[in-house]
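Engineer: Take a look at coords_18.tsv, TSV, C-alpha atoms:
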```tsv
chain	number	residue	atom	x	y	z
E	1	MET	CA	25.26	-260.97	-129.50
E	2	PRO	CA	25.57	-260.98	-125.69
E	3	THR	CA	24.21	-258.00	-123.79
E	4	LEU	CA	26.86	-255.73	-122.27
E	5	SER	CA	26.89	-255.86	-118.50
E	6	ARG	CA	26.02	-252.52	-116.95
E	7	ILE	CA	27.25	-251.40	-113.53
E	8	PRO	CA	24.86	-249.68	-111.10
E	9	VAL	CA	26.41	-246.43	-109.89
E	10	ALA	CA	25.05	-243.34	-108.17
E	11	PRO	CA	24.02	-240.74	-110.81
E	12	GLY	CA	24.97	-237.88	-108.46
E	13	VAL	CA	28.50	-239.23	-108.21
E	14	LEU	CA	28.88	-239.25	-111.99
E	15	ARG	CA	27.66	-235.67	-112.20
E	16	TRP	CA	29.98	-234.64	-109.34
E	17	ALA	CA	32.96	-236.23	-111.08
E	18	ARG	CA	32.23	-234.37	-114.31
E	19	VAL	CA	31.45	-230.99	-112.74
E	20	SER	CA	34.43	-231.11	-110.37
E	21	ALA	CA	36.62	-231.81	-113.39
E	22	GLY	CA	35.40	-228.54	-114.89
E	23	MET	CA	33.64	-230.09	-117.91
E	24	ASP	CA	30.33	-229.52	-119.56
E	25	VAL	CA	28.38	-232.48	-120.95
E	26	ASP	CA	29.57	-232.01	-124.53
E	27	THR	CA	33.24	-231.92	-123.53
E	28	ALA	CA	32.82	-234.94	-121.28
E	29	SER	CA	31.05	-236.98	-123.96
E	30	ALA	CA	33.78	-236.23	-126.48
E	31	ARG	CA	36.51	-237.36	-124.10
E	32	ILE	CA	34.65	-240.49	-123.00
E	33	GLY	CA	33.74	-241.36	-126.59
E	34	VAL	CA	29.94	-241.44	-126.32
E	35	LYS	CA	27.09	-239.17	-127.35
E	36	ALA	CA	26.18	-236.29	-125.05
E	37	GLU	CA	22.73	-237.79	-124.57
E	38	ARG	CA	24.30	-240.89	-123.04
E	39	VAL	CA	26.11	-238.80	-120.41
E	40	ARG	CA	22.82	-237.09	-119.55
E	41	GLU	CA	21.10	-240.48	-119.21
E	42	TRP	CA	23.79	-241.71	-116.80
E	43	GLU	CA	23.53	-238.59	-114.67
E	44	ALA	CA	19.73	-238.78	-114.65
E	45	GLY	CA	19.81	-242.43	-113.54
E	46	GLU	CA	18.04	-243.56	-116.70
E	47	THR	CA	20.74	-246.04	-117.64
E	48	ASP	CA	23.97	-247.39	-116.18
E	49	PRO	CA	27.40	-247.36	-117.83
E	50	THR	CA	29.48	-250.42	-118.65
E	51	ILE	CA	32.76	-251.09	-116.86
E	52	ASN	CA	34.68	-249.91	-119.93
E	53	GLN	CA	32.67	-246.69	-119.98
E	54	LEU	CA	33.41	-246.19	-116.29
E	55	ARG	CA	37.10	-246.66	-117.00
E	56	ALA	CA	36.86	-244.07	-119.78
E	57	MET	CA	35.11	-241.70	-117.36
E	58	SER	CA	37.79	-242.27	-114.75
E	59	ASP	CA	40.45	-241.33	-117.30
E	60	ALA	CA	38.51	-238.35	-118.67
E	61	TYR	CA	37.72	-236.91	-115.24
E	62	ASP	CA	41.14	-237.83	-113.80
E	63	ARG	CA	39.52	-239.62	-110.87
E	64	PRO	CA	40.35	-243.07	-109.46
E	65	LEU	CA	37.92	-245.67	-110.76
E	66	ALA	CA	36.93	-246.43	-107.17
E	67	ALA	CA	35.71	-242.84	-106.74
E	68	LEU	CA	32.94	-243.49	-109.28
E	69	PHE	CA	31.57	-246.30	-107.09
E	70	MET	CA	30.94	-244.06	-104.06
E	71	SER	CA	27.36	-244.07	-102.80
E	72	GLU	CA	27.22	-240.27	-102.87
E	73	PRO	CA	29.47	-237.30	-103.70
E	74	PRO	CA	31.87	-236.09	-100.98
E	75	ALA	CA	29.90	-233.88	-98.60
E	76	GLU	CA	32.36	-230.98	-98.58
E	77	ASP	CA	33.72	-231.20	-102.12
E	78	ASP	CA	33.41	-228.06	-104.21
E	79	ARG	CA	34.02	-227.31	-107.87
E	80	ARG	CA	37.53	-226.14	-107.16
E	81	SER	CA	37.40	-223.72	-110.01
E	82	LEU	CA	40.47	-221.51	-109.88
E	83	PRO	CA	39.92	-217.79	-110.49
E	84	ASP	CA	41.06	-217.46	-114.10
E	85	PHE	CA	43.17	-214.35	-114.73
E	86	ARG	CA	44.29	-215.37	-118.20
E	87	ARG	CA	43.53	-213.42	-121.35
E	88	PRO	CA	39.92	-213.73	-122.56
E	89	ALA	CA	41.05	-215.46	-125.76
E	90	VAL	CA	42.64	-218.18	-123.64
E	91	ARG	CA	40.17	-218.54	-120.79
E	92	GLU	CA	37.10	-218.67	-123.04
E	93	THR	CA	38.29	-221.88	-124.68
E	94	ALA	CA	37.80	-225.30	-123.08
E	95	THR	CA	40.43	-226.05	-120.44
E	96	PRO	CA	43.06	-228.26	-122.10
E	97	ARG	CA	43.23	-231.70	-120.56
E	98	ALA	CA	46.89	-231.44	-119.51
E	99	LEU	CA	46.20	-228.24	-117.59
E	100	GLN	CA	43.05	-229.64	-116.04
E	101	LYS	CA	44.94	-232.72	-114.83
E	102	ALA	CA	47.75	-230.55	-113.45
E	103	VAL	CA	45.33	-228.43	-111.42
E	104	MET	CA	43.57	-231.52	-110.06
E	105	ARG	CA	46.90	-233.08	-109.13
E	106	ALA	CA	47.83	-229.92	-107.22
E	107	TYR	CA	44.55	-230.08	-105.30
E	108	ARG	CA	45.20	-233.75	-104.47
E	109	GLN	CA	48.66	-232.84	-103.20
E	110	GLN	CA	47.18	-230.07	-101.07
E	111	ASP	CA	44.55	-232.46	-99.70
E	112	ALA	CA	47.27	-234.95	-98.79
E	113	LEU	CA	49.34	-232.28	-97.04
E	114	ARG	CA	46.31	-231.14	-95.04
E	115	ASP	CA	45.30	-234.69	-94.14
E	116	ILE	CA	48.82	-235.46	-92.95
E	117	ALA	CA	48.93	-232.24	-90.92
E	118	GLU	CA	45.71	-233.24	-89.19
E	119	GLU	CA	46.89	-236.81	-88.62
E	120	LEU	CA	50.19	-235.64	-87.11
E	121	ASP	CA	48.53	-232.77	-85.22
E	122	LEU	CA	50.76	-230.15	-86.85
E	123	GLY	CA	50.21	-226.55	-85.84
E	124	SER	CA	49.61	-223.59	-88.15
E	125	GLY	CA	53.28	-222.67	-87.86
E	126	GLU	CA	54.10	-225.82	-89.84
E	127	THR	CA	51.27	-225.64	-92.38
E	128	ASP	CA	50.38	-222.00	-93.12
E	129	ALA	CA	52.48	-219.70	-95.27
E	130	SER	CA	54.79	-217.95	-92.82
E	131	PHE	CA	54.28	-214.55	-94.42
E	132	SER	CA	51.36	-212.39	-95.48
E	133	LEU	CA	51.05	-209.36	-97.74
E	134	ASP	CA	48.64	-206.43	-97.64
E	135	PRO	CA	47.01	-206.03	-101.09
E	136	THR	CA	45.94	-202.46	-100.23
E	137	ALA	CA	49.53	-201.26	-99.84
E	138	GLU	CA	51.57	-199.80	-102.69
E	139	PRO	CA	52.97	-202.56	-104.95
E	140	SER	CA	56.51	-201.24	-104.51
E	141	ALA	CA	56.19	-201.59	-100.72
E	142	ILE	CA	54.68	-205.07	-101.03
E	143	GLY	CA	57.46	-206.08	-103.40
E	144	ALA	CA	60.05	-204.88	-100.90
E	145	GLN	CA	58.35	-206.95	-98.20
E	146	LEU	CA	58.34	-210.07	-100.38
E	147	ARG	CA	61.99	-209.46	-101.23
E	148	ASP	CA	62.72	-209.21	-97.52
E	149	VAL	CA	60.92	-212.40	-96.47
E	150	LEU	CA	62.80	-214.28	-99.19
E	151	GLY	CA	66.08	-212.72	-98.10
E	152	MET	CA	66.89	-211.76	-101.68
E	153	GLU	CA	69.46	-209.15	-100.69
E	154	SER	CA	71.72	-211.99	-99.52
E	155	ILE	CA	71.69	-213.75	-102.91
E	156	SER	CA	75.07	-213.36	-104.60
E	157	LYS	CA	75.58	-211.74	-107.99
E	158	SER	CA	77.04	-215.00	-109.32
E	159	THR	CA	73.78	-216.76	-108.41
E	160	LEU	CA	71.70	-214.06	-110.11
E	161	MET	CA	73.71	-214.57	-113.30
E	162	GLN	CA	72.91	-218.32	-113.40
E	163	PRO	CA	69.16	-218.66	-114.10
E	164	ASP	CA	68.84	-222.32	-113.06
E	165	VAL	CA	70.79	-221.79	-109.86
E	166	PHE	CA	68.82	-218.65	-109.00
E	167	LEU	CA	65.53	-220.44	-109.57
E	168	ARG	CA	66.52	-223.36	-107.34
E	169	GLU	CA	67.59	-220.98	-104.60
E	170	LEU	CA	64.30	-219.07	-104.68
E	171	VAL	CA	62.33	-222.32	-104.66
E	172	ARG	CA	64.31	-223.46	-101.62
E	173	ARG	CA	63.57	-220.20	-99.81
E	174	ALA	CA	59.88	-220.35	-100.73
E	175	GLU	CA	59.69	-223.88	-99.32
E	176	GLY	CA	61.20	-222.49	-96.12
E	177	LEU	CA	58.09	-220.29	-95.91
E	178	ASN	CA	55.82	-223.41	-95.89
E	179	VAL	CA	54.99	-223.09	-99.60
E	180	THR	CA	55.11	-226.22	-101.77
E	181	VAL	CA	56.47	-225.43	-105.25
E	182	ILE	CA	55.63	-227.86	-108.06
E	183	GLN	CA	56.03	-227.83	-111.83
E	184	VAL	CA	53.58	-228.71	-114.60
E	185	GLN	CA	54.39	-230.56	-117.81
E	186	ARG	CA	52.89	-230.65	-121.32
E	187	VAL	CA	51.10	-227.31	-120.99
E	188	PRO	CA	52.13	-224.57	-123.48
E	189	THR	CA	53.28	-221.33	-121.88
E	190	SER	CA	50.71	-219.53	-124.04
E	191	GLU	CA	47.99	-221.29	-122.02
E	192	MET	CA	49.46	-221.01	-118.53
E	193	ARG	CA	52.59	-219.60	-116.89
E	194	GLY	CA	51.65	-220.59	-113.34
E	195	PHE	CA	48.90	-220.99	-110.78
E	196	SER	CA	48.55	-220.80	-107.03
E	197	LEU	CA	46.42	-222.45	-104.35
E	198	GLY	CA	47.02	-219.73	-101.82
E	199	ARG	CA	44.03	-219.91	-99.51
E	200	GLY	CA	44.26	-221.74	-96.21
E	201	PRO	CA	46.94	-224.13	-94.99
E	202	SER	CA	49.48	-225.95	-97.18
E	203	PRO	CA	49.63	-223.43	-100.05
E	204	ILE	CA	50.92	-224.63	-103.42
E	205	VAL	CA	52.56	-222.70	-106.25
E	206	ALA	CA	52.81	-224.31	-109.70
E	207	LEU	CA	55.27	-223.24	-112.39
E	208	ASN	CA	55.14	-224.22	-116.06
E	209	GLY	CA	57.98	-226.66	-116.70
E	210	ALA	CA	58.12	-225.56	-120.34
E	211	ASP	CA	59.06	-222.00	-119.41
E	212	TRP	CA	62.66	-220.85	-119.38
E	213	PRO	CA	64.31	-220.34	-115.98
E	214	ARG	CA	64.10	-216.52	-115.97
E	215	GLY	CA	60.39	-216.79	-116.73
E	216	LYS	CA	59.90	-219.28	-113.89
E	217	VAL	CA	61.63	-216.91	-111.46
E	218	TYR	CA	59.21	-214.11	-112.30
E	219	THR	CA	56.22	-216.48	-112.17
E	220	LEU	CA	57.32	-217.81	-108.79
E	221	LEU	CA	57.38	-214.29	-107.33
E	222	HIS	CA	54.01	-213.49	-108.94
E	223	GLU	CA	52.40	-216.60	-107.44
E	224	LEU	CA	54.02	-215.98	-104.05
E	225	ALA	CA	52.25	-212.63	-104.11
E	226	HIS	CA	48.97	-214.56	-104.51
E	227	VAL	CA	49.94	-216.73	-101.54
E	228	GLY	CA	50.80	-213.65	-99.49
E	229	PHE	CA	47.36	-212.25	-100.31
E	230	ARG	CA	45.78	-215.65	-99.49
E	231	THR	CA	44.25	-215.89	-102.97
E	232	ASP	CA	44.12	-218.54	-105.69
E	233	GLY	CA	44.77	-217.83	-109.35
E	234	LEU	CA	45.38	-219.31	-112.79
E	235	CYS	CA	47.74	-216.96	-114.59
E	236	ASP	CA	49.40	-216.29	-117.93
E	237	LEU	CA	51.06	-213.04	-116.74
E	238	GLN	CA	49.48	-210.96	-119.50
E	239	GLN	CA	47.98	-207.56	-118.84
E	240	VAL	CA	44.22	-207.95	-118.40
E	241	GLU	CA	42.42	-204.70	-117.75
E	242	GLU	CA	39.70	-206.06	-115.48
E	243	ALA	CA	42.06	-208.19	-113.37
E	244	GLU	CA	43.26	-205.66	-110.80
E	245	LEU	CA	44.58	-208.35	-108.44
E	246	GLU	CA	46.60	-209.88	-111.25
E	247	ARG	CA	48.16	-206.56	-112.18
E	248	THR	CA	49.05	-206.02	-108.53
E	249	CYS	CA	50.76	-209.43	-108.37
E	250	ASP	CA	52.71	-208.53	-111.53
E	251	GLU	CA	53.83	-205.23	-110.02
E	252	VAL	CA	54.79	-206.92	-106.74
E	253	ALA	CA	56.86	-209.54	-108.57
E	254	ALA	CA	58.62	-206.86	-110.60
E	255	ALA	CA	59.34	-204.75	-107.52
E	256	ALA	CA	60.68	-207.74	-105.59
E	257	LEU	CA	62.94	-208.82	-108.43
E	258	MET	CA	63.99	-205.37	-109.65
E	259	PRO	CA	63.94	-202.68	-106.91
E	260	ALA	CA	63.17	-199.21	-108.24
E	261	ASP	CA	66.33	-197.50	-107.03
E	262	ALA	CA	68.69	-200.03	-108.57
E	263	MET	CA	66.73	-200.12	-111.83
E	264	SER	CA	66.68	-196.33	-112.07
E	265	ASN	CA	70.44	-196.10	-111.58
E	266	LEU	CA	71.09	-198.65	-114.30
E	267	ALA	CA	68.61	-197.05	-116.64
E	268	TYR	CA	69.96	-193.52	-116.23
E	269	GLU	CA	73.44	-194.82	-117.02
E	270	SER	CA	72.32	-196.87	-120.03
E	271	LEU	CA	69.23	-195.39	-121.66
E	272	LEU	CA	70.76	-192.63	-123.74
E	273	GLU	CA	68.89	-194.10	-126.72
E	274	PRO	CA	65.73	-196.21	-127.07
E	275	PRO	CA	66.23	-199.59	-125.38
E	276	THR	CA	67.42	-202.57	-127.40
E	277	LEU	CA	67.03	-206.30	-126.82
E	278	GLU	CA	70.68	-206.54	-125.73
E	279	LEU	CA	70.34	-203.64	-123.28
E	280	CYS	CA	67.17	-205.09	-121.73
E	281	ARG	CA	68.89	-208.43	-121.32
E	282	ALA	CA	71.89	-206.78	-119.67
E	283	ILE	CA	69.70	-204.85	-117.23
E	284	GLY	CA	67.64	-207.98	-116.52
E	285	ASN	CA	70.74	-210.07	-115.88
E	286	GLU	CA	71.81	-207.67	-113.14
E	287	HIS	CA	68.69	-208.69	-111.21
E	288	GLY	CA	68.18	-212.27	-112.35
E	289	ALA	CA	65.31	-211.24	-114.65
E	290	SER	CA	64.56	-211.75	-118.33
E	291	GLY	CA	65.02	-208.90	-120.77
E	292	GLU	CA	61.28	-208.71	-121.30
E	293	ALA	CA	60.61	-208.47	-117.56
E	294	ALA	CA	63.26	-205.77	-117.30
E	295	LEU	CA	61.62	-203.71	-120.03
E	296	LEU	CA	58.20	-204.05	-118.41
E	297	ARG	CA	59.72	-202.84	-115.16
E	298	LEU	CA	61.28	-199.86	-116.95
E	299	ILE	CA	57.84	-199.01	-118.36
E	300	ASP	CA	56.34	-199.25	-114.88
E	301	LEU	CA	59.03	-196.82	-113.66
E	302	GLU	CA	58.33	-194.51	-116.65
E	303	LEU	CA	61.85	-195.07	-117.96
E	304	ALA	CA	60.59	-196.68	-121.16
E	305	THR	CA	57.32	-196.73	-123.11
E	306	TRP	CA	54.82	-199.24	-124.37
E	307	ASP	CA	55.95	-198.29	-127.89
E	308	ASP	CA	59.36	-199.63	-126.89
E	309	TYR	CA	57.76	-202.84	-125.68
E	310	TRP	CA	55.72	-203.52	-128.81
E	311	ARG	CA	58.73	-202.66	-130.96
E	312	LEU	CA	60.85	-205.26	-129.16
E	313	LYS	CA	58.14	-207.89	-128.48
E	314	PRO	CA	58.83	-209.84	-131.72
E	315	GLU	CA	62.51	-210.00	-130.76
E	316	PHE	CA	61.66	-211.31	-127.27
E	317	ASP	CA	59.40	-213.97	-128.81
E	318	ALA	CA	62.06	-214.94	-131.34
E	319	ALA	CA	64.67	-215.19	-128.58
E	320	TYR	CA	62.43	-217.54	-126.60
E	321	ALA	CA	61.81	-219.70	-129.68
E	322	ALA	CA	65.58	-219.82	-130.31
E	323	PHE	CA	66.18	-220.80	-126.68
E	324	LYS	CA	63.74	-223.72	-126.97
E	325	ALA	CA	65.26	-224.81	-130.29
E	326	ASP	CA	68.79	-224.69	-128.84
E	327	GLU	CA	67.60	-226.63	-125.81
E	328	LYS	CA	66.14	-229.30	-128.07
E	329	ASP	CA	69.40	-229.50	-130.06
E	330	ARG	CA	71.46	-229.73	-126.87
E	331	ASN	CA	69.36	-232.62	-125.66
E	332	ALA	CA	69.29	-234.45	-129.00
E	333	GLY	CA	70.99	-237.82	-128.72
E	334	LYS	CA	71.35	-237.50	-124.96
E	335	ASP	CA	69.65	-239.58	-122.34
E	336	SER	CA	66.30	-238.18	-121.28
E	337	PRO	CA	66.27	-236.20	-118.02
E	338	ILE	CA	66.69	-238.39	-114.97
E	339	PHE	CA	63.26	-239.71	-114.04
E	340	TYR	CA	63.62	-239.12	-110.32
E	341	GLN	CA	65.03	-235.63	-110.83
E	342	VAL	CA	62.01	-234.65	-112.91
E	343	LYS	CA	59.63	-236.34	-110.47
E	344	ALA	CA	61.16	-234.44	-107.53
E	345	ARG	CA	60.84	-231.16	-109.41
E	346	ASP	CA	57.26	-231.78	-110.48
E	347	LEU	CA	55.91	-233.02	-107.14
E	348	GLY	CA	57.97	-230.54	-105.14
E	349	ARG	CA	60.69	-231.47	-102.67
E	350	ARG	CA	58.71	-230.16	-99.73
E	351	PHE	CA	55.75	-232.37	-100.62
E	352	ILE	CA	57.95	-235.45	-100.95
E	353	ARG	CA	59.62	-234.76	-97.62
E	354	GLN	CA	56.25	-234.36	-95.90
E	355	MET	CA	54.95	-237.65	-97.32
E	356	LEU	CA	58.13	-239.50	-96.33
E	357	THR	CA	57.85	-238.09	-92.81
E	358	ALA	CA	54.21	-239.16	-92.58
E	359	HIS	CA	55.13	-242.66	-93.70
E	360	GLY	CA	57.90	-242.81	-91.11
E	361	GLU	CA	55.39	-241.77	-88.45
E	362	GLU	CA	53.04	-244.54	-89.68
E	363	ALA	CA	50.44	-241.96	-90.68
E	364	LEU	CA	50.64	-243.03	-94.33
E	365	SER	CA	50.58	-246.59	-95.63
E	366	SER	CA	53.10	-247.93	-98.12
E	367	ARG	CA	50.41	-248.14	-100.76
E	368	ASP	CA	49.24	-244.56	-100.22
E	369	LEU	CA	52.83	-243.29	-100.17
E	370	ALA	CA	53.58	-244.91	-103.53
E	371	GLN	CA	50.37	-243.57	-105.02
E	372	LEU	CA	50.99	-240.01	-103.84
E	373	LEU	CA	54.62	-240.04	-105.01
E	374	GLU	CA	53.59	-241.65	-108.33
E	375	VAL	CA	56.20	-244.41	-108.16
E	376	SER	CA	56.12	-248.05	-107.11
E	377	TYR	CA	57.04	-248.58	-103.46
E	378	ASP	CA	60.37	-250.22	-104.31
E	379	LYS	CA	61.38	-247.03	-106.17
E	380	VAL	CA	60.66	-244.71	-103.24
E	381	PRO	CA	64.25	-244.94	-101.87
E	382	LYS	CA	65.65	-243.60	-105.15
E	383	LEU	CA	63.22	-240.68	-105.12
E	384	ALA	CA	64.04	-240.00	-101.48
E	385	GLY	CA	67.75	-240.05	-102.30
E	386	MET	CA	67.20	-237.51	-105.06
E	387	ILE	CA	66.10	-234.93	-102.44
E	388	GLY	CA	68.72	-235.98	-99.92
E	389	GLN	CA	66.40	-237.95	-97.63
E	390	ASP	CA	67.04	-241.34	-96.07
E	391	PHE	CA	64.40	-244.02	-96.48
```
Can the structure in the file be given as structure tokens, please?
Structural biologist:
Amino acid sequence: MPTLSRIPVAPGVLRWARVSAGMDVDTASARIGVKAERVREWEAGETDPTINQLRAMSDAYDRPLAALFMSEPPAEDDRRSLPDFRRPAVRETATPRALQKAVMRAYRQQDALRDIAEELDLGSGETDASFSLDPTAEPSAIGAQLRDVLGMESISKSTLMQPDVFLRELVRRAEGLNVTVIQVQRVPTSEMRGFSLGRGPSPIVALNGADWPRGKVYTLLHELAHVGFRTDGLCDLQQVEEAELERTCDEVAAAALMPADAMSNLAYESLLEPPTLELCRAIGNEHGASGEAALLRLIDLELATWDDYWRLKPEFDAAYAAFKADEKDRNAGKDSPIFYQVKARDLGRRFIRQMLTAHGEEALSSRDLAQLLEVSYDKVPKLAGMIGQDF
């Protein structure tokens, strides 16, 4: 039997690729399909991997194969471990691969935006979030500020009543604040509702594509609070006692979406009896919020109780399950969502525009443009057309 050809690679690079992917040795070995001892041998320089093993590593670590042939790890690369504000039961498990890949993609997008900004000599006014929030202020005041910078008072009632339209409008306004908004696929909402890369230039907010539109609206505001505070975070929007920053972002999102005065007026007119699912939905609809978010806001304003919440929580969960089932039935037998529409949503329209501009300025090659936009170069015009850009 012929001996398998082994490829000399730098052990430090293999360790960097694994660690930067957020994996321990046991997790990495399982995903590559080798014993843990073999991974240790590679990283100690005791043996070299085969080309097929390198390809498996590239896939497992979500790194280009060429990255594993570097002579040494990137000098300024860090672990890029997002502060994890999720519930302990979720964050103590191994990071699911789909979520890990989504976070790494977001970092690559941010790197590309920063590289382009440097290449084109863009100033901070074109790269930094054009708003900031003071985390030491009262959440209601911060929420009012966020509402103001987004111009939410000018959004019509008819827009608020249409969840998809409202979400698109808020995304558009967030992009006008130099924030790139992307969406993540194949990650259950129980594992992640959103995350933010809010520190430094070219901030990115990620929403879970599996969430319903009202949920995405709330998550967007929550993550914009992180951006305003210049913080990163991986979030499931559950109450975690030790996560004070996360609770503040929740309160800011609620205050921005549902101002106290308006909520109090509605509640005083409606809450003659304990709240029901229908009443919470009606109050939420007035502000473009879900019924569950509306009830949580009522609790925050001491107009409802946590007993009310836990009494209605099964109904909220059942309503979400019914929504997803109805959505599946509606889509049964239909063509799948338009590829370019989904691609534009997932990569973010602002990101696509920036990459197209860089290519037009000859700061980005055709090959790099296609790789960053995740389509072949001949398909770029269709993607550009989807966001209303000429190419």
Engineer: Can you pull out the residues contacting Gly151 (chain E)? Cut-off 12 Å, using all atoms listed in the file, and skip same-chain residues under 5 positions away; I want them as a list in words.
Structural biologist: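 Here the answer would be Ala144, Gln145, Leu146, Ser156, Glu169, Leu170, Arg172, Arg173, Ala174, Gly176, Leu177, Ala256 and Leu257 of chain E.
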Engineer: Which is closer to Ala206 (chain E) than all the others in E:Leu296, E:Leu347, E:Ala325, E:Ala262, using all atoms listed in the file?
Structural biologist: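 Under the stated criterion, the closest residue is E:Leu347.
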Engineer: Kindly give the distance, in Å, that separates CA of Gly291 (chain E) and CA of Phe316 (chain E), rounded to a single decimal.
Structural biologist: 7.7 Å
Engineer: When you draw a straight line from CA of Ile283 (chain E) to CA of Asp317 (chain E), how long is it in Å?
Structural biologist: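 According to the coordinates, CA of Ile283 (chain E) and CA of Asp317 (chain E) are separated by 18.0 Å.
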Engineer: Could you tell me which of E:Pro201, E:Pro213, E:Ala321, E:Val39 comes closest to Glu118 (chain E) if we count all atoms listed in the file?
Structural biologist: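 Of all the options, E:Pro201 lies closest to Glu118 (chain E).
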Engineer: For CA of Ala289 (chain E) and CA of Arg214 (chain E), quote the distance in Å rounded to one decimal.
Structural biologist: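 CA of Ala289 (chain E) sits 5.6 Å away from CA of Arg214 (chain E).
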Engineer: Pick the closest to Glu246 (chain E) from E:Pro188, E:Pro83, E:Pro203, E:Gly388: which is it, counting all atoms listed in the file?
Structural biologist: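 Comparing E:Pro188, E:Pro83, E:Pro203, E:Gly388 against Glu246 (chain E), the winner is E:Pro83.
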Engineer: Quick one: everything within 12 Å of region 15-24 of chain E, counting all atoms listed in the file, minus sequence neighbours fewer than 3 positions away in the same chain. Send it as a ChimeraX atom specification.
Structural biologist: /E:9-12,27-32,36,39-45,54,57-82,93-105,107
Engineer: So that I can check the surroundings of Val252 (chain E), please list as a JSON list (two decimals) with C-alpha atoms, keeping the file's coordinate frame every protein, DNA and RNA residue that reaches within 7 Å of it, counting only C-alpha atoms and ignoring chain neighbours fewer than 4 positions away.
Structural biologist:
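Dumped everything to result_29.json:
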```
[["chain", "number", "residue", "atom", "x", "y", "z"],
["E", 139, "PRO", "CA", 52.97, -202.56, -104.95],
["E", 140, "SER", "CA", 56.51, -201.24, -104.51],
["E", 142, "ILE", "CA", 54.68, -205.07, -101.03],
["E", 143, "GLY", "CA", 57.46, -206.08, -103.40],
["E", 222, "HIS", "CA", 54.01, -213.49, -108.94],
["E", 225, "ALA", "CA", 52.25, -212.63, -104.11],
["E", 248, "THR", "CA", 49.05, -206.02, -108.53],
["E", 256, "ALA", "CA", 60.68, -207.74, -105.59]]
```
Engineer: Just the residues within 9 Å of Lys324 (chain E), please, counting all atoms listed in the file, with nothing from its chain fewer than 5 positions along; format it as a ChimeraX atom specification.
Structural biologist: /E:210,212,319,329
Engineer: Out of E:Leu120, E:Leu150, E:Ala56, E:Leu383, which residue has the shortest atom-to-atom distance to Asp346 (chain E) when counting all atoms listed in the file?
Structural biologist: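 The shortest atom-to-atom distance to Asp346 (chain E) comes from E:Leu383.
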Engineer: So, with all atoms listed in the file as the atoms that count, which of E:Glu315, E:Pro259, E:Asp236, E:Thr180 lies closest to Pro88 (chain E)?
Structural biologist: E:Asp236
Engineer: Give me the residues near region 337-341 of chain E as a PyMOL selection string, where near means some atom within 10 Å (using only C-alpha atoms) and where sequence neighbours in that chain fewer than 6 positions away do not count.
Structural biologist: chain E and resi 331+375+379-380+382-387
Engineer: Counting all atoms listed in the file, which of E:Ala260, E:Met152, E:Asp308, E:Ile299 gets nearest to Glu273 (chain E)?
Structural biologist: E:Asp308
